[in-house]
>>> print(open('protein_18.txt').read())   # compact mmCIF, C-alpha atoms and all ligand atoms
# COMPACT_ATOMS: atom_id res chain seq x y z
CA MET A 20 -56.25 -26.13 3.37
CA THR A 21 -57.06 -28.87 0.87
CA LYS A 22 -58.05 -32.19 2.41
CA THR A 23 -58.97 -34.10 -0.74
CA LEU A 24 -57.28 -33.75 -4.12
CA ALA A 25 -57.49 -34.90 -7.72
CA VAL A 26 -54.31 -34.69 -9.77
CA LEU A 27 -54.86 -34.53 -13.54
CA GLY A 28 -51.62 -35.15 -15.42
CA SER A 29 -50.31 -37.09 -12.42
CA THR A 30 -47.74 -38.98 -14.53
CA GLY A 31 -45.97 -35.78 -15.64
CA SER A 32 -43.35 -33.53 -14.08
CA ILE A 33 -45.76 -31.33 -12.09
CA GLY A 34 -48.10 -34.24 -11.32
CA VAL A 35 -45.36 -36.32 -9.71
CA GLN A 36 -44.21 -33.33 -7.62
CA ALA A 37 -47.82 -32.61 -6.60
CA LEU A 38 -48.15 -36.15 -5.30
CA GLU A 39 -44.92 -35.72 -3.35
CA VAL A 40 -46.41 -32.63 -1.68
CA ALA A 41 -49.68 -34.50 -1.04
CA ARG A 42 -47.78 -37.44 0.48
CA LEU A 43 -45.89 -35.16 2.90
CA SER A 44 -49.00 -33.15 3.77
CA GLY A 45 -51.26 -36.18 4.25
CA ILE A 46 -53.75 -35.01 1.61
CA LYS A 47 -56.17 -37.73 0.46
CA ILE A 48 -56.08 -38.45 -3.29
CA GLU A 49 -59.55 -38.94 -4.84
CA ALA A 50 -58.61 -39.20 -8.52
CA LEU A 51 -55.54 -39.49 -10.76
CA SER A 52 -55.23 -39.15 -14.52
CA GLY A 53 -52.54 -39.45 -17.17
CA CYS A 54 -52.39 -40.26 -20.85
CA THR A 55 -49.89 -42.96 -21.84
CA ARG A 56 -47.62 -43.85 -18.93
CA VAL A 57 -49.13 -47.03 -17.47
CA ASP A 58 -46.34 -48.02 -15.08
CA ILE A 59 -46.16 -44.64 -13.36
CA ILE A 60 -49.91 -44.40 -12.75
CA GLU A 61 -50.06 -48.03 -11.64
CA ASN A 62 -47.53 -47.27 -8.87
CA GLN A 63 -49.43 -44.11 -7.95
CA ILE A 64 -52.70 -46.06 -7.70
CA ARG A 65 -51.05 -48.63 -5.43
CA GLU A 66 -49.66 -45.93 -3.16
CA PHE A 67 -52.56 -43.47 -3.02
CA SER A 68 -55.64 -45.73 -3.59
CA PRO A 69 -57.71 -43.13 -5.44
CA ARG A 70 -61.40 -43.82 -5.99
CA ILE A 71 -60.99 -43.38 -9.77
CA ALA A 72 -58.13 -43.13 -12.25
CA ALA A 73 -58.08 -42.51 -15.99
CA LEU A 74 -55.70 -42.65 -18.93
CA ALA A 75 -56.62 -40.55 -21.96
CA ASP A 76 -55.04 -43.10 -24.28
CA GLU A 77 -57.57 -45.94 -24.73
CA LYS A 78 -55.00 -48.68 -25.27
CA ALA A 79 -52.97 -47.64 -22.24
CA ALA A 80 -56.17 -47.48 -20.16
CA ALA A 81 -57.12 -51.05 -21.18
CA GLU A 82 -53.66 -52.22 -20.08
CA LEU A 83 -53.95 -50.34 -16.78
CA LYS A 84 -57.35 -51.84 -16.06
CA ILE A 85 -55.86 -55.34 -16.16
CA LYS A 86 -52.82 -54.35 -14.11
CA VAL A 87 -54.77 -52.83 -11.22
CA ALA A 88 -57.69 -55.28 -11.27
CA ASP A 89 -56.67 -56.36 -7.74
CA THR A 90 -57.20 -52.81 -6.34
CA SER A 91 -60.41 -50.95 -5.52
CA THR A 92 -59.64 -48.11 -8.00
CA LYS A 93 -62.08 -47.79 -10.89
CA VAL A 94 -60.20 -47.25 -14.18
CA LEU A 95 -61.69 -45.01 -16.86
CA SER A 96 -60.45 -44.19 -20.34
CA GLY A 97 -60.27 -41.46 -22.95
CA ALA A 98 -60.87 -37.72 -22.66
CA ARG A 99 -64.23 -38.55 -21.01
CA GLY A 100 -62.53 -40.57 -18.31
CA VAL A 101 -60.17 -37.68 -17.58
CA GLU A 102 -63.15 -35.31 -17.37
CA GLU A 103 -64.84 -37.66 -14.94
CA CYS A 104 -61.74 -37.45 -12.73
CA ALA A 105 -62.05 -33.64 -12.94
CA ARG A 106 -65.64 -34.00 -11.70
CA CYS A 107 -64.75 -36.18 -8.69
CA ALA A 108 -65.72 -33.34 -6.31
CA ALA A 109 -62.41 -33.26 -4.44
CA ASP A 110 -61.75 -30.05 -2.46
CA THR A 111 -59.11 -29.18 -5.07
CA VAL A 112 -58.46 -30.37 -8.61
CA LEU A 113 -54.86 -29.77 -9.64
CA ASN A 114 -54.69 -29.61 -13.42
CA SER A 115 -51.19 -30.39 -14.68
CA ILE A 116 -52.16 -31.77 -18.08
CA VAL A 117 -50.01 -30.38 -20.88
CA GLY A 118 -51.62 -28.41 -23.73
CA ILE A 119 -55.18 -27.59 -24.75
CA ALA A 120 -56.16 -31.13 -23.66
CA GLY A 121 -56.41 -29.47 -20.23
CA LEU A 122 -59.18 -27.04 -21.19
CA ALA A 123 -62.21 -29.36 -20.97
CA PRO A 124 -61.02 -30.82 -17.62
CA THR A 125 -60.51 -27.27 -16.29
CA LEU A 126 -64.09 -26.39 -17.20
CA ALA A 127 -65.36 -29.71 -15.77
CA ALA A 128 -63.60 -29.12 -12.42
CA ILE A 129 -65.09 -25.62 -12.16
CA ASP A 130 -68.53 -26.95 -13.10
CA ALA A 131 -68.26 -29.60 -10.38
CA GLY A 132 -67.49 -26.94 -7.78
CA SER A 133 -63.87 -27.82 -6.89
CA THR A 134 -61.17 -25.24 -6.26
CA LEU A 135 -58.86 -25.29 -9.25
CA ALA A 136 -55.08 -25.38 -8.73
CA LEU A 137 -53.92 -24.55 -12.22
CA ALA A 138 -50.59 -25.51 -13.79
CA ASN A 139 -52.14 -26.03 -17.24
CA LYS A 140 -51.61 -22.48 -18.56
CA GLU A 141 -52.97 -23.47 -22.00
CA SER A 142 -56.51 -23.58 -20.44
CA LEU A 143 -56.34 -19.87 -19.77
CA VAL A 144 -54.53 -19.00 -22.97
CA THR A 145 -57.10 -20.71 -25.18
CA GLY A 146 -60.31 -20.37 -23.21
CA GLY A 147 -59.47 -17.51 -20.84
CA LYS A 148 -62.72 -15.62 -21.00
CA ILE A 149 -64.88 -18.75 -20.61
CA VAL A 150 -62.75 -20.17 -17.77
CA ILE A 151 -62.65 -16.90 -15.80
CA ASN A 152 -66.32 -16.06 -16.32
CA THR A 153 -67.50 -19.56 -15.41
CA ALA A 154 -65.33 -19.61 -12.29
CA ARG A 155 -66.67 -16.18 -11.29
CA GLU A 156 -70.30 -17.21 -11.83
CA ARG A 157 -69.81 -20.40 -9.83
CA GLY A 158 -67.76 -18.70 -7.10
CA ILE A 159 -64.76 -20.99 -7.72
CA SER A 160 -61.20 -19.97 -6.85
CA ILE A 161 -58.43 -20.51 -9.36
CA LEU A 162 -55.11 -20.82 -7.54
CA PRO A 163 -52.04 -20.49 -9.74
CA VAL A 164 -49.37 -23.21 -9.72
CA ASP A 165 -47.16 -21.70 -12.44
CA SER A 166 -44.25 -20.24 -10.43
CA GLU A 167 -44.48 -16.67 -11.78
CA HIS A 168 -48.22 -16.51 -11.18
CA SER A 169 -47.89 -18.01 -7.73
CA ALA A 170 -45.26 -15.33 -7.00
CA ILE A 171 -47.65 -12.59 -8.12
CA PHE A 172 -50.50 -14.17 -6.17
CA GLN A 173 -48.32 -14.29 -3.06
CA SER A 174 -47.22 -10.68 -3.63
CA ILE A 175 -50.81 -9.38 -3.78
CA GLN A 176 -51.96 -11.01 -0.52
CA GLY A 177 -53.00 -8.08 1.63
CA CYS A 178 -53.66 -5.76 -1.33
CA ARG A 179 -57.09 -4.28 -0.65
CA SER A 180 -57.89 -2.94 -4.10
CA LYS A 181 -56.78 -3.88 -7.58
CA SER A 182 -56.61 -0.18 -8.45
CA GLN A 183 -53.49 0.01 -6.27
CA ILE A 184 -51.59 -2.35 -8.57
CA LYS A 185 -49.71 -0.53 -11.31
CA LYS A 186 -47.82 -3.27 -13.02
CA LEU A 187 -47.01 -6.98 -12.93
CA ILE A 188 -43.43 -7.95 -13.73
CA LEU A 189 -42.93 -11.53 -14.89
CA THR A 190 -39.40 -12.85 -14.61
CA ALA A 191 -37.96 -15.18 -17.25
CA SER A 192 -34.86 -17.33 -17.05
CA GLY A 193 -34.18 -16.65 -20.73
CA GLY A 194 -33.87 -20.40 -21.40
CA PRO A 195 -30.88 -22.22 -22.90
CA PHE A 196 -30.44 -19.81 -25.83
CA PHE A 197 -30.31 -16.49 -24.03
CA GLY A 198 -27.83 -14.14 -25.77
CA LYS A 199 -27.84 -16.06 -29.06
CA THR A 200 -28.44 -14.35 -32.41
CA ARG A 201 -31.05 -15.48 -34.93
CA ALA A 202 -28.27 -16.85 -37.15
CA GLU A 203 -27.07 -18.99 -34.24
CA LEU A 204 -30.62 -20.17 -33.46
CA LYS A 205 -31.27 -21.40 -36.98
CA ASP A 206 -29.56 -24.76 -36.54
CA VAL A 207 -29.93 -25.50 -32.82
CA THR A 208 -30.82 -29.12 -32.07
CA VAL A 209 -33.65 -30.63 -30.03
CA GLU A 210 -31.08 -31.88 -27.54
CA GLN A 211 -29.69 -28.35 -27.02
CA ALA A 212 -33.19 -26.91 -26.69
CA LEU A 213 -34.10 -29.51 -24.05
CA LYS A 214 -31.24 -28.42 -21.76
CA HIS A 215 -32.90 -25.85 -19.50
CA PRO A 216 -30.42 -24.01 -17.25
CA ASN A 217 -32.55 -23.90 -14.04
CA TRP A 218 -35.73 -26.02 -14.21
CA SER A 219 -36.43 -29.69 -14.87
CA MET A 220 -39.79 -29.85 -16.67
CA GLY A 221 -41.79 -31.77 -19.29
CA ALA A 222 -40.52 -31.65 -22.89
CA LYS A 223 -43.16 -29.30 -24.33
CA ILE A 224 -42.69 -26.51 -21.79
CA THR A 225 -38.90 -26.90 -21.96
CA ILE A 226 -39.02 -26.15 -25.70
CA ASP A 227 -41.48 -23.30 -24.97
CA SER A 228 -38.84 -21.89 -22.61
CA ALA A 229 -36.17 -22.11 -25.32
CA THR A 230 -38.34 -20.15 -27.80
CA MET A 231 -39.62 -17.94 -24.94
CA MET A 232 -43.14 -18.76 -26.15
CA ASN A 233 -43.59 -19.85 -22.54
CA LYS A 234 -43.27 -16.24 -21.39
CA GLY A 235 -45.79 -15.14 -24.00
CA LEU A 236 -48.25 -17.81 -22.82
CA GLU A 237 -47.59 -16.69 -19.23
CA LEU A 238 -48.30 -13.08 -20.12
CA ILE A 239 -51.76 -14.12 -21.36
CA GLU A 240 -52.21 -16.37 -18.31
CA ALA A 241 -51.36 -13.45 -15.98
CA ALA A 242 -53.66 -11.05 -17.83
CA TRP A 243 -56.62 -13.40 -17.26
CA LEU A 244 -55.76 -14.49 -13.72
CA PHE A 245 -55.17 -11.00 -12.38
CA ASP A 246 -57.50 -9.07 -14.71
CA MET A 247 -54.72 -6.88 -16.12
CA LYS A 248 -54.12 -5.26 -19.49
CA ALA A 249 -51.24 -6.80 -21.44
CA SER A 250 -49.65 -3.33 -21.54
CA ASP A 251 -49.44 -3.39 -17.73
CA ILE A 252 -47.44 -6.61 -17.69
CA ASP A 253 -43.66 -6.33 -18.14
CA ILE A 254 -41.11 -9.07 -18.61
CA LEU A 255 -37.59 -9.12 -17.17
CA VAL A 256 -34.91 -11.69 -17.88
CA HIS A 257 -33.53 -12.92 -14.56
CA ARG A 258 -31.04 -15.70 -15.25
CA GLN A 259 -30.89 -17.04 -11.70
CA SER A 260 -34.64 -17.88 -11.35
CA ILE A 261 -34.67 -16.82 -7.69
CA VAL A 262 -37.08 -13.87 -7.92
CA HIS A 263 -40.15 -15.57 -9.35
CA SER A 264 -42.07 -12.38 -10.28
CA LEU A 265 -42.91 -8.95 -8.89
CA VAL A 266 -45.82 -6.54 -8.40
CA GLU A 267 -45.37 -2.79 -8.65
CA TYR A 268 -47.88 -0.70 -6.69
CA THR A 269 -49.07 2.87 -7.27
CA ASP A 270 -46.64 4.17 -4.62
CA ASN A 271 -43.79 2.57 -6.59
CA SER A 272 -43.21 -0.07 -3.94
CA VAL A 273 -42.30 -3.37 -5.57
CA ILE A 274 -43.16 -6.64 -3.80
CA ALA A 275 -41.70 -9.94 -4.97
CA GLN A 276 -41.61 -13.60 -3.98
CA LEU A 277 -38.22 -15.34 -3.88
CA GLY A 278 -37.21 -18.95 -3.44
CA LEU A 279 -35.12 -21.75 -4.94
CA PRO A 280 -36.33 -22.78 -8.41
CA ASP A 281 -38.39 -25.75 -7.24
CA MET A 282 -42.03 -26.22 -8.27
CA ARG A 283 -42.92 -27.91 -4.99
CA ILE A 284 -43.11 -24.44 -3.38
CA PRO A 285 -45.85 -23.01 -5.65
CA ILE A 286 -47.62 -26.40 -5.79
CA GLN A 287 -47.73 -26.56 -1.99
CA TYR A 288 -48.90 -22.96 -1.64
CA ALA A 289 -51.85 -23.71 -3.94
CA LEU A 290 -52.75 -26.65 -1.68
CA THR A 291 -52.26 -24.95 1.71
CA TYR A 292 -53.56 -21.47 0.74
CA PRO A 293 -54.25 -19.26 2.63
CA ASP A 294 -51.91 -21.00 5.09
CA ARG A 295 -48.31 -22.02 4.78
CA ALA A 296 -46.60 -25.22 5.94
CA PRO A 297 -43.04 -26.58 6.17
CA SER A 298 -41.68 -27.61 2.77
CA PRO A 299 -39.25 -30.27 1.54
CA VAL A 300 -37.55 -27.54 -0.53
CA GLY A 301 -34.30 -26.14 0.87
CA GLU A 302 -33.85 -22.66 2.31
CA LEU A 303 -32.85 -19.84 0.02
CA ASP A 304 -29.31 -18.75 0.86
CA LEU A 305 -29.04 -15.29 -0.67
CA ALA A 306 -25.40 -14.89 0.28
CA GLN A 307 -24.66 -18.00 -1.77
CA ALA A 308 -26.85 -16.84 -4.64
CA ALA A 309 -24.69 -13.67 -4.60
CA ALA A 310 -25.70 -11.64 -7.67
CA LEU A 311 -29.27 -11.33 -8.88
CA THR A 312 -29.37 -9.77 -12.34
CA PHE A 313 -32.23 -8.34 -14.41
CA GLU A 314 -32.36 -7.22 -18.03
CA LYS A 315 -34.82 -6.61 -20.84
CA PRO A 316 -35.63 -9.54 -23.12
CA ASP A 317 -34.39 -9.50 -26.71
CA TYR A 318 -37.85 -9.22 -28.29
CA GLU A 319 -36.54 -9.34 -31.86
CA THR A 320 -34.67 -12.61 -31.49
CA PHE A 321 -37.42 -14.17 -29.36
CA SER A 322 -40.45 -12.86 -31.25
CA CYS A 323 -42.96 -15.32 -29.74
CA ILE A 324 -43.37 -13.10 -26.67
CA ASN A 325 -44.74 -10.18 -28.66
CA LEU A 326 -46.80 -12.46 -30.90
CA CYS A 327 -48.61 -13.62 -27.74
CA ARG A 328 -49.00 -10.03 -26.56
CA LYS A 329 -50.53 -9.13 -29.91
CA ALA A 330 -52.84 -12.18 -29.80
CA PHE A 331 -54.14 -11.23 -26.36
CA GLU A 332 -54.68 -7.61 -27.40
CA LYS A 333 -56.57 -8.65 -30.54
CA GLY A 334 -58.61 -10.98 -28.30
CA GLY A 335 -61.26 -13.50 -29.39
CA LEU A 336 -59.82 -16.66 -30.89
CA PHE A 337 -56.34 -15.29 -31.61
CA PRO A 338 -54.76 -16.60 -28.39
CA ALA A 339 -56.20 -20.08 -29.12
CA ALA A 340 -54.74 -19.81 -32.63
CA VAL A 341 -51.19 -18.92 -31.55
CA ASN A 342 -51.36 -21.66 -28.91
CA ALA A 343 -52.43 -24.27 -31.48
CA ALA A 344 -49.69 -23.26 -33.93
CA ASN A 345 -47.15 -23.46 -31.13
CA GLU A 346 -48.35 -26.85 -29.85
CA LYS A 347 -48.15 -28.34 -33.34
CA ALA A 348 -44.81 -26.73 -34.25
CA ASN A 349 -43.29 -27.58 -30.84
CA GLU A 350 -44.26 -31.24 -31.42
CA LEU A 351 -42.85 -31.25 -34.98
CA PHE A 352 -39.59 -29.68 -33.76
CA ARG A 353 -39.24 -32.36 -31.03
CA LYS A 354 -39.72 -35.03 -33.72
CA GLY A 355 -36.90 -33.47 -35.77
CA ALA A 356 -39.26 -32.58 -38.65
CA ILE A 357 -38.69 -28.79 -38.63
CA GLY A 358 -36.10 -26.23 -37.53
CA PHE A 359 -36.17 -24.19 -34.32
CA LEU A 360 -37.09 -20.88 -36.00
CA ASP A 361 -39.98 -22.57 -37.82
CA ILE A 362 -41.83 -22.55 -34.47
CA GLU A 363 -42.09 -18.75 -34.37
CA ARG A 364 -42.84 -18.69 -38.10
CA ALA A 365 -45.85 -20.92 -37.43
CA VAL A 366 -46.98 -18.80 -34.46
CA GLY A 367 -46.80 -15.66 -36.62
CA ALA A 368 -48.77 -17.31 -39.42
CA ALA A 369 -51.59 -18.35 -37.06
CA PHE A 370 -53.13 -14.86 -37.17
CA ASP A 371 -54.23 -15.45 -40.77
CA CYS A 372 -56.08 -18.67 -39.93
CA VAL A 373 -58.92 -17.38 -37.72
CA PRO A 374 -61.91 -15.03 -37.94
CA ASP A 375 -61.78 -11.84 -35.85
CA VAL A 376 -64.62 -12.36 -33.32
CA SER A 377 -65.04 -10.74 -29.92
CA ASP A 378 -67.05 -13.49 -28.25
CA TYR A 379 -66.57 -17.23 -28.55
CA THR A 380 -67.75 -20.59 -27.24
CA ALA A 381 -65.66 -23.53 -26.05
CA ASP A 382 -66.61 -25.40 -29.24
CA GLN A 383 -65.20 -22.55 -31.34
CA VAL A 384 -61.96 -22.74 -29.37
CA PHE A 385 -61.67 -26.47 -30.13
CA GLU A 386 -62.53 -25.90 -33.83
CA THR A 387 -59.91 -23.15 -34.04
CA ASP A 388 -57.38 -25.44 -32.43
CA GLU A 389 -57.98 -28.16 -35.03
CA ALA A 390 -58.01 -25.77 -37.99
CA VAL A 391 -54.78 -24.03 -36.97
CA ARG A 392 -53.03 -27.36 -36.33
CA ARG A 393 -53.90 -28.45 -39.88
CA ALA A 394 -52.79 -25.09 -41.33
CA THR A 395 -49.52 -25.30 -39.38
CA GLU A 396 -48.78 -28.73 -40.82
CA ARG A 397 -49.45 -27.44 -44.34
CA LEU A 398 -47.16 -24.48 -43.72
CA LEU A 399 -44.25 -26.41 -42.26
CA LEU A 400 -44.18 -29.85 -43.90
P1 LIG A 501 -45.40 -33.31 -18.68
O1 LIG A 501 -45.24 -33.54 -20.14
O2 LIG A 501 -44.30 -33.76 -17.78
O3 LIG A 501 -46.77 -33.98 -18.17
C1 LIG A 501 -47.95 -33.80 -18.87
C2 LIG A 501 -49.06 -34.64 -18.28
O4 LIG A 501 -50.22 -34.50 -19.11
C3 LIG A 501 -48.76 -36.13 -18.22
O5 LIG A 501 -49.37 -36.67 -17.10
C4 LIG A 501 -49.40 -36.65 -19.50
O6 LIG A 501 -49.70 -38.03 -19.48
C5 LIG A 501 -50.66 -35.81 -19.51
N1 LIG A 501 -51.26 -35.69 -20.84
C6 LIG A 501 -50.63 -35.52 -22.03
N2 LIG A 501 -51.52 -35.46 -23.04
C7 LIG A 501 -52.75 -35.62 -22.48
C8 LIG A 501 -54.07 -35.69 -23.01
N3 LIG A 501 -54.31 -35.57 -24.32
N4 LIG A 501 -55.09 -35.84 -22.14
C9 LIG A 501 -54.88 -35.97 -20.82
N5 LIG A 501 -53.64 -35.94 -20.27
C10 LIG A 501 -52.60 -35.75 -21.08
O7 LIG A 501 -45.68 -31.75 -18.50
P2 LIG A 501 -45.38 -30.80 -17.26
O8 LIG A 501 -45.72 -31.49 -15.99
O9 LIG A 501 -44.02 -30.23 -17.42
O10 LIG A 501 -46.39 -29.60 -17.53
C11 LIG A 501 -47.78 -29.72 -17.29
C12 LIG A 501 -48.43 -28.35 -17.38
O11 LIG A 501 -47.90 -27.54 -16.34
C13 LIG A 501 -48.15 -27.61 -18.68
O12 LIG A 501 -49.26 -26.83 -19.03
C14 LIG A 501 -46.98 -26.70 -18.32
O13 LIG A 501 -46.94 -25.53 -19.12
C15 LIG A 501 -47.32 -26.36 -16.88
N6 LIG A 501 -46.16 -25.99 -16.07
C16 LIG A 501 -45.14 -26.87 -15.88
C17 LIG A 501 -44.03 -26.53 -15.11
C18 LIG A 501 -42.96 -27.53 -14.83
O14 LIG A 501 -42.05 -27.22 -14.03
N7 LIG A 501 -42.96 -28.71 -15.39
C19 LIG A 501 -43.91 -25.19 -14.53
C20 LIG A 501 -45.06 -24.35 -14.75
C21 LIG A 501 -46.13 -24.74 -15.50
P3 LIG A 501 -48.62 -39.20 -19.85
O15 LIG A 501 -47.30 -38.72 -19.35
O16 LIG A 501 -49.14 -40.38 -19.09
O17 LIG A 501 -48.63 -39.44 -21.31
MG MG A 502 -43.71 -20.44 -15.29
>>> encode(input="protein_18.txt", output="C-alpha cells", more="lines below")
Ligand code: NDP
Ligand code: MG
Amino acid sequence: MTKTLAVLGSTGSIGVQALEVARLSGIKIEALSGCTRVDIIENQIREFSPRIAALADEKAAAELKIKVADTSTKVLSGARGVEECARCAADTVLNSIVGIAGLAPTLAAIDAGSTLALANKESLVTGGKIVINTARERGISILPVDSEHSAIFQSIQGCRSKSQIKKLILTASGGPFFGKTRAELKDVTVEQALKHPNWSMGAKITIDSATMMNKGLELIEAAWLFDMKASDIDILVHRQSIVHSLVEYTDNSVIAQLGLPDMRIPIQYALTYPDRAPSPVGELDLAQAAALTFEKPDYETFSCINLCRKAFEKGGLFPAAVNAANEKANELFRKGAIGFLDIERAVGAAFDCVPDVSDYTADQVFETDEAVRRATERLLL
C-alpha cells in the first residue's frame, strides 16, 4: 500500500478525486502539480502541505509562489518543475495530466524509481514502447487508473500465465451520440458533445468519448499494458457503465469487474494494490441497475476506433501521430473553430504526416507530435 504520493495533474478531475482518496486513506502527499488553476492548487497546498508543487504555466506559477509564500511548500514552474515533482521519489506517482504533456513526467517518475499509477493514457499511446521497456528495465510497476484497464488488471489477479488469456474485452459507454448517424453528427455542438451520459470528466476526454477516440486510445493503452495484440482486444458498447471491462480465458470463462461508474474505485485500487480498503463509493445494487446490455460498436459512424487500431498495428510513430491530430482537433472543436466530424478527418489524415519507422526515441515522439499538430492546423483551418 502506498504511503507517500505525488499527484501530477492534481487540479483536474482525476487529480481532485485522487486527493480525496488520499485524504480518506491518510496517504502523505509529497508533490502536487497542475498547469493553470492557481486557486485550486493553493487550497491543495494548504491542506496537504506537499514538499514541492509546480504549475506548468509560468505566469500561473509566479502567482502561486506569491500566494503560498507563507507555507513551507517550494513552488516550481514550467514543464521542468512538473518533471521535478515526478522525480520526488514518492512511493507512487499518480499521473493524471491530460495529453502528451504527461509523457515526460511518466518517464521521469519511472526513472526516479516510483511506482506509476497511470491515468494519463496518452503516455502509453504516444511512447508505449519506451515507457514499457524502461519500466521493465527498472523493475517499476505501472498500475492502471483508467477504469477499463483497472477492471482488466483486477480480472487477471490470480492468472498464472499470460498464455491463458484469450481476449480482452473493453466496454464503452458509447458517449452522448450513441445511435446517431453521420448526417446527424455533422452539426452537433460542443455543448451537446460535453454532456456525457455516465461520467463527469475533464473536457478533452469527454469529447474523446463523444467521438469514441477515447476507446481507440484505450485499445492502444491496453495493448501496451497487458502485452496483447490489437486483434485480441474487442470492444463492446455497454450503455450502463457498470461492467468496466472483461477478460476471456482459454477455457472460455469470462471474468469481469463491476461497480458504480465512479473513478475513486480504480484510483483507490491503484493506491492500495495488492490490498483493498473501504471506499467512499456506494455499493452496486444490481437489482436496481436491472438490465445490463451489450452490443457491437458502430465502427463506420465512429471511425476513430479503427483508426487507432490501424495506428497500433502499423506501429512506430503512427500512434503518436493519431494522438497529436486528435489533441489538436479536439482543442479546435472545443474552441468552436471546426465541426465534430473534422476530428476524425484529422485523425485519418495523420497517417500521411509521419515516416514509417519501427524503432523510435522520445525526441522523435515529441517531434512527430509537433509536426502533426502543425499539419492538422493546416488541414482544418
Ligand atoms: P482534466 O482536464 O480535468 O485535468 C487535467 C490536468 O492536467 C489538470 O491538472 C491540468 O492543469 C493539467 N495539465 C494540463 N495541461 C498540462 C501541461 N501542459 N503540463 C502539465 N499539466 C497539465 O483531465 P482529466 O482529469 O479528466 O484527465 C486526466 C487524464 O486522465 C487524461 O489522460 C484522461 O484521458 C485520463 N482519464 C480521465 C478520466 C476521468 O474520469 N476524468 C477517466 C480515465 C482516464 P490545470 O487544470 O491547472 O490547467
Ligand atoms: Mg476509460
>>> closest_atom_pairs(input="protein_18.txt", of="chain A", to="ligand LIG 501 (chain A)", cutoff="7 Å", atoms="all atoms listed in the file", output="CSV")
residue,atom,partner,partner_atom,distance
A:Leu27,CA,A:LIG501,O5,6.9
A:Gly28,CA,A:LIG501,O5,3.2
A:Ser29,CA,A:LIG501,O5,4.8
A:Thr30,CA,A:LIG501,O5,3.8
A:Gly31,CA,A:LIG501,O3,3.2
A:Ser32,CA,A:LIG501,O8,3.7
A:Ile33,CA,A:LIG501,O8,3.9
A:Gly34,CA,A:LIG501,O8,5.9
A:Ser52,CA,A:LIG501,N5,6.8
A:Gly53,CA,A:LIG501,O6,3.9
A:Cys54,CA,A:LIG501,O16,3.7
A:Thr55,CA,A:LIG501,O17,3.8
A:Arg56,CA,A:LIG501,O16,3.8
A:Val57,CA,A:LIG501,O16,6.8
A:Leu74,CA,A:LIG501,O16,6.9
A:Ala75,CA,A:LIG501,N4,5.0
A:Ala98,CA,A:LIG501,N4,6.1
A:Val101,CA,A:LIG501,C9,6.4
A:Ser115,CA,A:LIG501,C11,4.3
A:Ile116,CA,A:LIG501,O4,3.5
A:Val117,CA,A:LIG501,C13,4.0
A:Gly118,CA,A:LIG501,O12,5.5
A:Ala120,CA,A:LIG501,N3,4.9
A:Gly121,CA,A:LIG501,C9,6.7
A:Ala138,CA,A:LIG501,O11,4.2
A:Asn139,CA,A:LIG501,O12,3.5
A:Lys140,CA,A:LIG501,O12,5.0
A:Glu141,CA,A:LIG501,O12,5.8
A:Val164,CA,A:LIG501,C20,6.7
A:Asp165,CA,A:LIG501,C20,4.1
A:Ser166,CA,A:LIG501,C20,6.0
A:Trp218,CA,A:LIG501,O14,6.4
A:Ser219,CA,A:LIG501,O14,6.2
A:Met220,CA,A:LIG501,N7,3.6
A:Gly221,CA,A:LIG501,O9,3.3
A:Ala222,CA,A:LIG501,O1,5.8
A:Lys223,CA,A:LIG501,O1,6.3
A:Ile224,CA,A:LIG501,O13,5.1
A:Met282,CA,A:LIG501,O14,5.8
>>> residues_near_ligand(input="protein_18.txt", ligand="ligand MG 502 (chain A)", cutoff="8 Å", atoms="all atoms listed in the file", output="VMD selection string")
chain A and resid 165 to 168 233 to 234 237
>>> residues_near_point(input="protein_18.txt", point="(-59.0, -26.0, -8.2)", cutoff="6 Å", atoms="all atoms listed in the file", output="PyMOL selection string")
chain A and resi 111-113+133-136+161
>>> closest_residue(input="protein_18.txt", among="A:Ala340, A:Leu279, A:Leu187, A:Ile119", to="A:Asp251", atoms="all atoms listed in the file")
A:Leu187
>>> closest_residue(input="protein_18.txt", among="A:Thr208, A:Lys186, A:Ser228, A:Glu302", to="A:Thr269", atoms="only C-alpha atoms")
A:Lys186
>>> residues_around(input="protein_18.txt", residues="stretch 240-243 of chain A", least_positions_apart="3", cutoff="7 Å", atoms="all atoms listed in the file", output="PyMOL selection string")
chain A and resi 140+143-144+147+168+236-237+246-249
>>> write_last_selection(input="protein_18.txt", atoms="C-alpha atoms", output="mmCIF file, in the frame of the given file")
data_model
loop_
_atom_site.group_PDB
_atom_site.id
_atom_site.type_symbol
_atom_site.label_atom_id
_atom_site.label_comp_id
_atom_site.auth_asym_id
_atom_site.auth_seq_id
_atom_site.Cartn_x
_atom_site.Cartn_y
_atom_site.Cartn_z
ATOM 1 C CA LYS A 140 -51.610 -22.480 -18.560
ATOM 2 C CA LEU A 143 -56.340 -19.870 -19.770
ATOM 3 C CA VAL A 144 -54.530 -19.000 -22.970
ATOM 4 C CA GLY A 147 -59.470 -17.510 -20.840
ATOM 5 C CA HIS A 168 -48.220 -16.510 -11.180
ATOM 6 C CA LEU A 236 -48.250 -17.810 -22.820
ATOM 7 C CA GLU A 237 -47.590 -16.690 -19.230
ATOM 8 C CA ASP A 246 -57.500 -9.070 -14.710
ATOM 9 C CA MET A 247 -54.720 -6.880 -16.120
ATOM 10 C CA LYS A 248 -54.120 -5.260 -19.490
ATOM 11 C CA ALA A 249 -51.240 -6.800 -21.440
#
>>> atom_distance(input="protein_18.txt", atom1="atom CA of A:Asp58", atom2="atom CA of A:Ala105")
21.4 Å
>>> axis_aligned_box(input="protein_18.txt", around="stretch 157-170 of chain A", padding_each_side="4 Å", output="JSON")
{"center_x": -57.0, "center_y": -19.3, "center_z": -9.6, "size_x": 33.6, "size_y": 15.9, "size_z": 13.6}
>>> closest_residue(input="protein_18.txt", among="A:Leu95, A:Val341, A:Arg258, A:Asp294", to="A:Lys78", atoms="all atoms listed in the file")
A:Leu95
>>> residues_around(input="protein_18.txt", residues="stretch 176-183 of chain A", least_positions_apart="6", cutoff="12 Å", atoms="only C-alpha atoms", output="list in words")
Ser169, Ala170, Phe245, Asp246, Met247, Val266, Glu267, Tyr268, Thr269, Asp270, Asn271, Ser272, Val273, Ile274, Ala275, Gln276, Tyr292, Pro293 and Asp294 of chain A
